[in-house]
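A.B. asks: So here's input34.cif, just mmCIF, C-alpha atoms:
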data_start
#
loop_
_atom_site.label_atom_id
_atom_site.label_comp_id
_atom_site.auth_asym_id
_atom_site.auth_seq_id
_atom_site.Cartn_x
_atom_site.Cartn_y
_atom_site.Cartn_z
CA MET A 1 135.08 20.96 99.44
CA LYS A 2 132.42 18.50 98.39
CA VAL A 3 129.40 20.25 96.90
CA GLN A 4 126.08 18.54 97.36
CA LYS A 5 124.64 17.39 94.04
CA LYS A 6 120.90 17.80 93.91
CA ILE A 7 118.19 19.00 91.60
CA LEU A 8 117.06 22.52 92.45
CA GLU A 9 113.57 22.65 93.83
CA ARG A 10 111.08 25.17 92.54
CA ASN A 11 111.42 27.26 95.71
CA ALA A 12 115.22 27.30 95.81
CA PHE A 13 116.80 30.02 97.95
CA GLY A 14 119.72 32.21 96.85
CA LEU A 15 122.39 34.35 98.48
CA TYR A 16 123.81 37.37 96.64
CA VAL A 17 126.85 39.23 97.99
CA HIS A 18 127.88 42.63 96.62
CA ALA A 19 131.60 43.33 97.02
CA PRO A 20 131.64 47.11 96.35
CA PHE A 21 135.28 47.43 95.31
CA CYS A 22 136.97 48.28 92.04
CA SER A 23 140.45 49.63 91.38
CA SER A 24 138.97 51.88 88.66
CA THR A 25 135.48 52.58 87.35
CA CYS A 26 134.64 51.67 83.75
CA ASP A 27 132.92 54.38 81.72
CA PHE A 28 129.79 52.26 81.15
CA CYS A 29 129.32 51.15 84.77
CA ALA A 30 126.76 52.66 87.16
CA PHE A 31 127.01 50.11 89.98
CA TYR A 32 127.94 51.32 93.45
CA GLN A 33 131.65 50.85 94.08
CA GLU A 34 134.71 52.40 95.69
CA LYS A 35 138.44 51.80 95.85
CA PRO A 36 139.55 48.92 98.11
CA ARG A 37 141.28 50.86 100.89
CA LYS A 38 142.41 48.98 104.01
CA ASN A 39 139.84 50.48 106.40
CA SER A 40 136.93 50.18 103.98
CA VAL A 41 137.72 46.52 103.27
CA LYS A 42 137.92 45.81 107.01
CA THR A 43 134.55 47.54 107.51
CA PHE A 44 132.98 45.48 104.73
CA LEU A 45 134.27 42.12 105.94
CA GLU A 46 133.21 42.76 109.53
CA GLY A 47 129.73 43.79 108.43
CA LEU A 48 128.85 40.67 106.44
CA THR A 49 128.45 38.32 109.42
CA THR A 50 126.49 40.97 111.32
CA GLU A 51 124.11 41.55 108.43
CA TRP A 52 123.47 37.82 107.96
CA SER A 53 122.70 37.48 111.68
CA LEU A 54 120.07 40.23 111.40
CA VAL A 55 118.15 38.54 108.59
CA SER A 56 115.08 36.73 109.89
CA LYS A 57 115.96 33.01 109.92
CA PRO A 58 117.31 32.64 106.38
CA PRO A 59 117.48 29.08 105.05
CA VAL A 60 120.70 27.48 103.84
CA PRO A 61 121.37 28.82 100.31
CA ASP A 62 120.95 26.59 97.28
CA THR A 63 122.82 29.07 95.08
CA ILE A 64 125.36 31.81 95.81
CA PHE A 65 126.42 34.68 93.57
CA VAL A 66 129.26 37.07 94.43
CA GLY A 67 129.40 40.20 92.30
CA GLY A 68 130.24 43.86 92.57
CA GLY A 69 132.42 45.74 91.82
CA THR A 70 134.68 42.79 91.76
CA PRO A 71 135.81 40.71 94.72
CA GLY A 72 139.10 40.28 92.87
CA ALA A 73 139.99 43.88 93.76
CA LEU A 74 140.76 42.68 97.30
CA GLN A 75 144.33 41.86 98.28
CA GLU A 76 144.95 38.12 98.44
CA SER A 77 144.81 37.92 102.26
CA ASP A 78 141.52 39.88 102.36
CA PHE A 79 140.21 37.85 99.44
CA ALA A 80 140.86 34.63 101.39
CA ARG A 81 139.22 36.04 104.51
CA PHE A 82 136.19 37.16 102.46
CA PHE A 83 135.57 33.64 101.18
CA ASP A 84 136.20 32.12 104.59
CA ILE A 85 133.39 34.32 105.92
CA LEU A 86 131.03 33.36 103.10
CA ARG A 87 131.75 29.67 103.55
CA GLU A 88 130.95 29.99 107.26
CA LEU A 89 127.66 31.73 106.45
CA ALA A 90 126.53 29.62 103.51
CA GLY A 91 127.57 26.12 104.54
CA ASP A 92 128.19 23.48 101.88
CA ARG A 93 124.74 22.49 100.66
CA PHE A 94 124.74 24.80 97.64
CA VAL A 95 124.50 23.39 94.11
CA GLU A 96 126.12 26.42 92.48
CA TRP A 97 128.44 29.17 93.67
CA SER A 98 129.26 31.87 91.08
CA VAL A 99 131.90 34.57 91.40
CA GLU A 100 132.55 37.52 89.09
CA LEU A 101 136.18 38.46 88.39
CA ALA A 102 137.93 41.08 86.28
CA PRO A 103 140.93 40.03 84.14
CA ALA A 104 143.35 42.52 85.70
CA GLU A 105 142.73 41.22 89.22
CA THR A 106 142.71 37.47 88.60
CA THR A 107 145.66 35.50 89.97
CA PRO A 108 146.37 31.78 90.42
CA ALA A 109 146.44 32.32 94.20
CA LYS A 110 142.95 33.85 94.23
CA LEU A 111 141.65 31.04 92.02
CA ARG A 112 143.01 28.51 94.52
CA VAL A 113 141.02 30.28 97.23
CA LEU A 114 137.86 29.92 95.14
CA ARG A 115 138.48 26.23 94.50
CA GLU A 116 139.17 25.51 98.17
CA SER A 117 136.02 27.42 99.18
CA GLY A 118 133.84 25.32 96.87
CA VAL A 119 133.12 27.90 94.15
CA THR A 120 131.76 26.08 91.10
CA ARG A 121 131.38 28.82 88.49
CA VAL A 122 133.41 31.91 87.51
CA SER A 123 132.31 34.79 85.28
CA LEU A 124 135.08 36.81 83.62
CA GLY A 125 134.27 40.42 82.66
CA VAL A 126 135.96 40.59 79.25
CA GLN A 127 133.49 42.96 77.46
CA SER A 128 135.60 42.92 74.25
CA PHE A 129 138.81 41.44 72.86
CA GLN A 130 139.76 44.53 70.86
CA PRO A 131 141.85 47.38 72.33
CA SER A 132 139.82 50.11 70.62
CA MET A 133 136.54 48.75 72.02
CA LEU A 134 138.01 48.36 75.51
CA GLN A 135 139.23 51.94 75.33
CA ALA A 136 135.77 53.15 74.31
CA LEU A 137 134.34 51.42 77.41
CA GLY A 138 137.01 52.71 79.76
CA ARG A 139 138.29 49.19 80.44
CA ARG A 140 141.85 49.03 81.77
CA HIS A 141 142.93 45.48 80.87
CA PRO A 142 144.64 44.48 77.59
CA PRO A 143 143.15 41.52 75.68
CA ASP A 144 146.09 39.21 76.45
CA GLN A 145 145.46 39.69 80.18
CA ALA A 146 141.94 38.33 79.74
CA ARG A 147 143.25 35.30 77.89
CA ARG A 148 145.79 34.61 80.62
CA ALA A 149 143.11 34.87 83.32
CA PHE A 150 140.82 32.49 81.43
CA ASP A 151 143.61 29.95 80.98
CA TRP A 152 144.43 30.12 84.69
CA MET A 153 140.78 29.38 85.46
CA ARG A 154 140.84 26.24 83.34
CA GLU A 155 144.16 25.20 84.85
CA ALA A 156 142.65 25.65 88.32
CA GLY A 157 140.02 23.07 87.42
CA PHE A 158 136.90 25.17 86.80
CA ASP A 159 134.54 23.50 84.33
CA ASN A 160 131.85 26.19 84.29
CA LEU A 161 133.23 29.48 82.96
CA ASN A 162 131.30 32.45 81.63
CA LEU A 163 132.49 35.36 79.50
CA ASP A 164 130.70 38.73 79.71
CA LEU A 165 130.59 40.65 76.41
CA ILE A 166 129.08 44.01 75.41
CA PHE A 167 127.86 45.10 71.96
CA CYS A 168 126.72 48.37 70.39
CA ILE A 169 129.81 50.05 71.82
CA PRO A 170 130.40 53.54 70.34
CA GLY A 171 132.27 53.11 67.06
CA GLN A 172 131.70 49.34 66.95
CA GLU A 173 130.78 47.86 63.58
CA LEU A 174 129.01 44.53 63.13
CA SER A 175 132.31 43.13 61.81
CA ASP A 176 133.99 44.10 65.10
CA TRP A 177 131.30 42.29 67.04
CA ARG A 178 131.61 39.22 64.82
CA LEU A 179 135.32 39.12 65.64
CA ASP A 180 134.53 39.30 69.37
CA LEU A 181 132.03 36.45 69.09
CA GLU A 182 134.43 34.33 67.06
CA THR A 183 137.17 34.90 69.61
CA ALA A 184 134.87 34.11 72.53
CA VAL A 185 133.68 30.85 71.00
CA SER A 186 137.28 29.83 70.16
CA TRP A 187 138.13 30.00 73.88
CA GLU A 188 135.49 27.29 74.48
CA PRO A 189 133.66 28.83 77.45
CA ASP A 190 130.68 27.05 78.99
CA HIS A 191 128.46 30.12 79.09
CA LEU A 192 128.26 33.51 77.38
CA SER A 193 126.45 36.66 78.51
CA THR A 194 126.04 39.26 75.76
CA TYR A 195 124.69 42.66 76.77
CA CYS A 196 123.63 45.58 74.63
CA LEU A 197 125.31 48.73 76.00
CA ILE A 198 122.88 50.68 78.17
CA HIS A 199 123.54 54.38 78.68
CA GLU A 200 123.13 54.71 82.44
CA GLU A 201 122.77 58.26 83.78
CA LYS A 202 125.32 57.65 86.54
CA ALA A 203 127.94 56.26 84.13
CA ALA A 204 130.73 58.37 82.65
CA LEU A 205 129.61 57.56 79.09
CA PHE A 206 126.33 59.40 79.73
CA ALA A 207 128.15 62.72 79.26
CA GLN A 208 128.41 61.81 75.56
CA VAL A 209 124.69 61.02 75.48
CA LYS A 210 123.86 64.48 76.79
CA THR A 211 125.96 66.12 74.07
CA GLY A 212 124.37 63.96 71.37
CA GLU A 213 127.63 62.18 70.46
CA ILE A 214 126.16 58.76 71.20
CA GLY A 215 122.76 57.36 72.11
CA PRO A 216 120.32 54.49 71.60
CA ASP A 217 119.87 53.35 67.99
CA PRO A 218 117.09 50.72 67.79
CA GLU A 219 117.78 49.74 64.18
CA ARG A 220 121.48 49.21 64.87
CA GLU A 221 120.72 47.31 68.08
CA GLU A 222 118.31 45.01 66.22
CA LYS A 223 121.04 44.00 63.76
CA PHE A 224 123.45 43.20 66.59
CA TYR A 225 120.84 41.23 68.54
CA LEU A 226 119.75 39.10 65.59
CA TYR A 227 123.31 38.42 64.51
CA THR A 228 124.26 37.36 68.06
CA TRP A 229 121.37 34.95 68.42
CA GLU A 230 122.00 33.27 65.08
CA PHE A 231 125.79 33.12 65.50
CA LEU A 232 125.72 31.52 68.95
CA LYS A 233 122.97 29.10 67.96
CA GLU A 234 125.15 27.85 65.10
CA ALA A 235 128.09 27.65 67.53
CA GLY A 236 126.12 25.21 69.71
CA PHE A 237 125.05 27.50 72.54
CA GLU A 238 121.50 27.29 73.86
CA GLN A 239 119.88 30.67 74.38
CA TYR A 240 117.79 30.49 77.55
CA GLU A 241 117.34 34.22 78.22
CA VAL A 242 117.59 37.29 76.02
CA ALA A 243 121.25 37.90 76.95
CA ASN A 244 122.39 34.46 78.16
CA PHE A 245 123.65 31.39 76.31
CA ALA A 246 124.93 28.09 77.71
CA ARG A 247 126.35 24.73 76.79
CA SER A 248 124.25 21.79 77.95
CA GLY A 249 123.79 21.82 81.73
CA LYS A 250 125.68 25.10 82.21
CA ARG A 251 122.92 27.65 82.79
CA CYS A 252 123.45 30.08 85.65
CA ARG A 253 121.16 28.51 88.24
CA HIS A 254 121.26 31.47 90.61
CA ASN A 255 119.96 33.91 87.98
CA TRP A 256 117.45 31.33 86.79
CA ASN A 257 116.01 31.12 90.30
CA VAL A 258 115.74 34.91 90.53
CA TRP A 259 113.97 35.13 87.17
CA ARG A 260 111.48 32.47 88.30
CA MET A 261 110.47 34.56 91.34
CA ASN A 262 112.22 32.49 93.99
CA GLU A 263 113.67 34.18 97.08
CA TRP A 264 117.15 35.47 97.82
CA ILE A 265 118.99 37.57 100.38
CA GLY A 266 121.49 40.22 99.32
CA LEU A 267 124.40 41.12 101.60
CA GLY A 268 126.56 44.23 101.28
CA PRO A 269 125.87 47.88 100.40
CA SER A 270 123.43 48.31 97.47
CA ALA A 271 122.59 44.57 97.35
CA ALA A 272 118.93 43.69 96.68
CA SER A 273 116.81 41.05 98.45
CA GLN A 274 113.49 39.31 97.89
CA TRP A 275 112.46 37.56 101.07
CA GLN A 276 109.37 36.86 103.16
CA GLY A 277 106.94 38.75 100.93
CA GLU A 278 109.07 41.87 100.45
CA ARG A 279 111.69 43.21 98.06
CA TRP A 280 114.22 45.87 99.04
CA SER A 281 117.74 47.13 98.45
CA ASN A 282 120.48 48.12 100.87
CA VAL A 283 121.72 51.68 101.03
CA ALA A 284 124.46 52.33 98.44
CA SER A 285 127.00 53.54 100.98
CA LEU A 286 129.53 51.38 102.79
CA GLN A 287 129.70 53.74 105.74
CA ALA A 288 125.92 54.11 106.14
CA TRP A 289 125.53 50.33 105.76
CA SER A 290 128.15 49.69 108.43
CA ASP A 291 126.81 52.35 110.80
CA ALA A 292 123.32 50.84 110.69
CA LEU A 293 124.64 47.33 111.29
CA SER A 294 126.57 48.51 114.34
CA LEU A 295 123.21 49.60 115.78
CA GLY A 296 121.63 46.23 114.97
CA CYS A 297 119.65 47.54 111.99
CA LEU A 298 119.39 46.56 108.33
CA THR A 299 119.57 49.40 105.79
CA ARG A 300 116.45 48.51 103.84
CA LYS A 301 115.21 51.09 101.34
CA ASP A 302 112.71 51.05 98.45
CA VAL A 303 110.77 48.31 100.24
CA VAL A 304 108.00 46.76 98.12
CA SER A 305 105.37 44.41 99.51
CA LEU A 306 104.98 41.38 97.26
CA GLY A 307 101.42 40.17 97.20
CA PRO A 308 99.95 37.74 94.66
CA LEU A 309 99.49 40.50 92.05
CA GLU A 310 103.07 41.80 92.30
CA LEU A 311 104.59 38.32 92.11
CA ALA A 312 102.47 37.38 89.11
CA GLU A 313 103.32 40.64 87.30
CA ASP A 314 107.03 40.11 87.87
CA TYR A 315 106.76 36.50 86.77
CA LEU A 316 105.29 37.76 83.48
CA LEU A 317 107.92 40.48 83.04
CA PHE A 318 110.89 38.22 83.73
CA GLY A 319 109.38 35.05 82.27
CA LEU A 320 108.88 36.52 78.82
CA ARG A 321 112.64 37.19 78.65
CA LEU A 322 113.22 33.45 79.05
CA ASN A 323 113.15 31.26 75.95
CA GLU A 324 110.81 28.82 77.68
CA GLY A 325 108.34 31.67 78.21
CA ILE A 326 105.55 31.75 80.78
CA GLY A 327 102.87 29.28 81.86
CA LEU A 328 99.35 30.44 82.63
CA ARG A 329 99.05 27.67 85.22
CA LYS A 330 101.93 29.28 87.11
CA VAL A 331 100.22 32.69 86.88
CA ALA A 332 97.09 31.14 88.36
CA GLU A 333 99.12 29.64 91.22
CA LEU A 334 100.67 33.00 92.03
CA CYS A 335 97.42 34.96 91.75
CA PRO A 336 94.42 32.59 92.10
CA GLU A 337 91.81 35.37 91.92
CA ALA A 338 92.90 36.62 88.49
CA ASP A 339 90.76 36.19 85.37
CA LEU A 340 93.27 34.85 82.86
CA GLU A 341 91.03 34.76 79.80
CA PRO A 342 91.75 38.39 78.73
CA LEU A 343 95.46 37.65 79.09
CA ARG A 344 95.15 34.52 76.97
CA LEU A 345 93.32 36.48 74.27
CA PHE A 346 96.00 39.19 74.29
CA PHE A 347 98.74 36.59 73.84
CA HIS A 348 96.86 35.15 70.86
CA GLN A 349 96.62 38.68 69.44
CA LEU A 350 100.38 39.07 69.82
CA GLY A 351 100.73 35.69 68.10
CA GLU A 352 98.80 36.94 65.07
CA GLU A 353 101.34 39.77 64.87
CA GLY A 354 104.20 37.26 64.93
CA LEU A 355 105.44 38.34 68.37
CA THR A 356 104.51 35.30 70.49
CA GLU A 357 103.75 31.62 70.03
CA ALA A 358 101.76 29.17 72.12
CA ARG A 359 103.74 26.58 74.07
CA GLY A 360 102.04 24.03 76.32
CA ASP A 361 99.79 25.90 78.72
CA GLY A 362 101.56 29.19 78.06
CA PHE A 363 103.38 31.41 75.60
CA ARG A 364 106.84 32.58 74.66
CA VAL A 365 108.09 35.40 72.46
CA THR A 366 109.44 34.77 68.97
CA ASP A 367 112.78 36.21 67.82
CA ARG A 368 110.88 39.20 66.47
CA GLY A 369 109.05 39.57 69.78
CA ARG A 370 112.31 39.17 71.72
CA LEU A 371 113.50 42.43 70.16
CA LEU A 372 110.55 44.13 71.88
CA VAL A 373 110.39 41.89 74.93
CA ASP A 374 110.57 44.56 77.63
CA ARG A 375 107.82 46.59 75.97
CA ILE A 376 105.68 43.46 75.51
CA GLY A 377 106.27 42.41 79.11
CA SER A 378 105.23 45.80 80.45
CA GLU A 379 102.05 45.77 78.38
CA VAL A 380 101.23 42.20 79.45
CA ALA A 381 101.78 43.07 83.12
CA HIS A 382 99.64 46.20 82.80
CA ARG A 383 96.78 44.30 81.18
CA PHE A 384 97.05 41.56 83.81
CA ALA A 385 96.86 44.12 86.63
CA SER A 386 93.60 45.43 85.21
CA VAL A 387 91.88 42.05 85.50
CA ALA A 388 93.55 40.66 88.63
#
Do you think you could lay out the structure here as structure tokens?

C.D. replies:
Amino acid sequence: MKVQKKILERNAFGLYVHAPFCSSTCDFCAFYQEKPRKNSVKTFLEGLTTEWSLVSKPPVPDTIFVGGGTPGALQESDFARFFDILRELAGDRFVEWSVELAPAETTPAKLRVLRESGVTRVSLGVQSFQPSMLQALGRRHPPDQARRAFDWMREAGFDNLNLDLIFCIPGQELSDWRLDLETAVSWEPDHLSTYCLIHEEKAALFAQVKTGEIGPDPEREEKFYLYTWEFLKEAGFEQYEVANFARSGKRCRHNWNVWRMNEWIGLGPSAASQWQGERWSNVASLQAWSDALSLGCLTRKDVVSLGPLELAEDYLLFGLRLNEGIGLRKVAELCPEADLEPLRLFFHQLGEEGLTEARGDGFRVTDRGRLLVDRIGSEVAHRFASVA
């Protein structure tokens, strides 16, 4: 399929699809998922077209992202049908179509389906290349399976491949993480996502948090973060967000659009949307999602109205995680009534503490500030809300 080549406009529109299936649940994962049984897969596939038809006049997507779970958990015939449905819904005007896959469920046949559908980017959930680290995370694939899956992706013709990695795993030393980074770079991926392990309450690993066996360790995390940033910079990867690194021209455009407060529709149980001045998520239940759709209803919950203040606050929160930072002119566009002078003064105060630096008409965090970026973003948003 020929993909239209165009520069993304500022107001690009995205489509996210949550395939809620996994053959087994990793100990660190808290995403909604279930086993891919025949009836549940049939229910899911039938619901996608119905849900899209109920969305109020969505535009043709510029970017598509298929995550989960993992769509690779579907049998090959269902996998092909899934992407046939998405191609019918999304058309062929997208500039990027990303799909997440797990090593154990990647096959040459499924990769052919992706290529024929027009998928342009694949993200492989490796997490680690060491058996002991994979065991600590509850991952079921051996390292050689990940290598085989990656090689198949290259052989299939994909020229935009991402590897997902996790650090601060229980028992992981900095030397273990260095080995993972060295291995990842040696595979020559186009993009790397490196995530610090978060102890989610719904994840199996949280049982060890409650007993005090493991838990957050800010000093340890700081060492891993700083080492990662320096290592990947020297390896030629551009850091464009706290956890994301890319070769030239290989940023994830879908996520970039989300972080810049553009709009997207999420299909599937538990998927989130930001559309027509509101943000919401679907119910995290395949059956409840399907039952509502059969009645002609969307399963919107946690609905938030997005006025100028909310959009500007979120732009600040997400924008400070980006290496390019935020622009005060953009804040003024989102919330014209706001008095930005107190915000400017606060950024200069943070600059005196070595946490931010001025850039053009805005600011970005330094490496030191990036270690505290979520705390800084929350404080910036709070101060902005008091003067908006």

A.B. asks: Using all atoms listed in the file, pick whichever of A:Thr70, A:Gln75, A:Ser53, A:Gln130 has the shortest atom-to-atom distance to Val99 in chain A.

C.D. replies: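 Of A:Thr70, A:Gln75, A:Ser53, A:Gln130, the one nearest Val99 in chain A, counting all atoms listed in the file, is A:Thr70.
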
A.B. asks: For the PyMOL selection byres ((chain A and resi 241) around 12), applied here, can you spell out every residue it catches as a PyMOL selection string?

C.D. replies: chain A and resi 191-195+229+237-240+242-246+251-252+255-256+259-260+318-325+364-365+367+370+373

A.B. asks: Considering all atoms listed in the file, state which residue in the set A:Phe129, A:Phe65, A:Trp275, A:Phe158 is at the smallest distance from Asp144 in chain A.

C.D. replies: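 Checking each of A:Phe129, A:Phe65, A:Trp275, A:Phe158 against Asp144 in chain A, counting all atoms listed in the file, the winner is A:Phe129.
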
A.B. asks: Translate the PyMOL selection byres ((chain A and resi 85) around 12) into a concrete residue list for this structure, as a list of chain:residue names.

C.D. replies: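 Expected selection for the PyMOL selection byres ((chain A and resi 85) around 12) here is A:Val17, A:Phe44, A:Leu45, A:Glu46, A:Gly47, A:Leu48, A:Thr49, A:Thr50, A:Trp52, A:Asp78, A:Phe79, A:Ala80, A:Arg81, A:Phe82, A:Phe83, A:Asp84, A:Leu86, A:Arg87, A:Glu88, A:Leu89, A:Ala90, A:Gly91, A:Ser117.
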
A.B. asks: For the atom pair CA of Asp180 in chain A and CA of Met133 in chain A, what is the interatomic distance in Å to one decimal place?

C.D. replies: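 Distance reported for this atom pair: 10.0 Å.
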
A.B. asks: Where does the PyMOL selection byres ((chain A and resi 34) around 7) land in this file, that is, which residues does it pick, as an MDAnalysis selection string?

C.D. replies: chainID A and resid 20:22 33 35:36

A.B. asks: For the atom pair CA of Ser123 in chain A and CA of Trp289 in chain A, what is the interatomic distance in Å to one decimal place?

C.D. replies: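 For CA of Ser123 in chain A relative to CA of Trp289 in chain A, the distance reads 26.6 Å.
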
A.B. asks: Determine, counting all atoms listed in the file, every residue of protein, DNA or RNA that lies within 12 Å of (126.9, 52.7, 102.0) in the file coordinates, then give the result as a ChimeraX atom specification.

C.D. replies: /A:18-21,32-34,40,43-44,47,267-271,281-293,298-301

A.B. asks: For Trp264 in chain A, list every protein, DNA or RNA residue within 12 Å, evaluated using only C-alpha atoms, and leave out those in the same chain fewer than 5 positions away; present the list as a VMD selection string.

C.D. replies: chain A and resid 11 to 17 55 58 to 65 254 to 259 271 to 281

A.B. asks: Smallest atom-to-atom distance to Met261 in chain A: which of A:Gly360, A:Pro218, A:Gly351, A:Pro308, using only C-alpha atoms?

C.D. replies: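 Comparing A:Gly360, A:Pro218, A:Gly351, A:Pro308 against Met261 in chain A, the winner is A:Pro308.
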
A.B. asks: List as a PyMOL selection string the protein and nucleic acid residues near Leu111 in chain A, meaning an atom at most 8 Å away when all atoms listed in the file are counted, but skip any in the same chain fewer than 4 places from it.

C.D. replies: chain A and resi 106-107+115+152-153+156

A.B. asks: Quick one: residues within 9 Å of Ala146 in chain A, all atoms listed in the file counted, chain neighbours fewer than 5 positions away excluded, as a PyMOL selection string?

C.D. replies: chain A and resi 102-104+106+124-126+129+141+151

A.B. asks: Quick one: distance from CA of Ser128 in chain A to CA of Leu181 in chain A in Å, one decimal?

C.D. replies: 9.0 Å
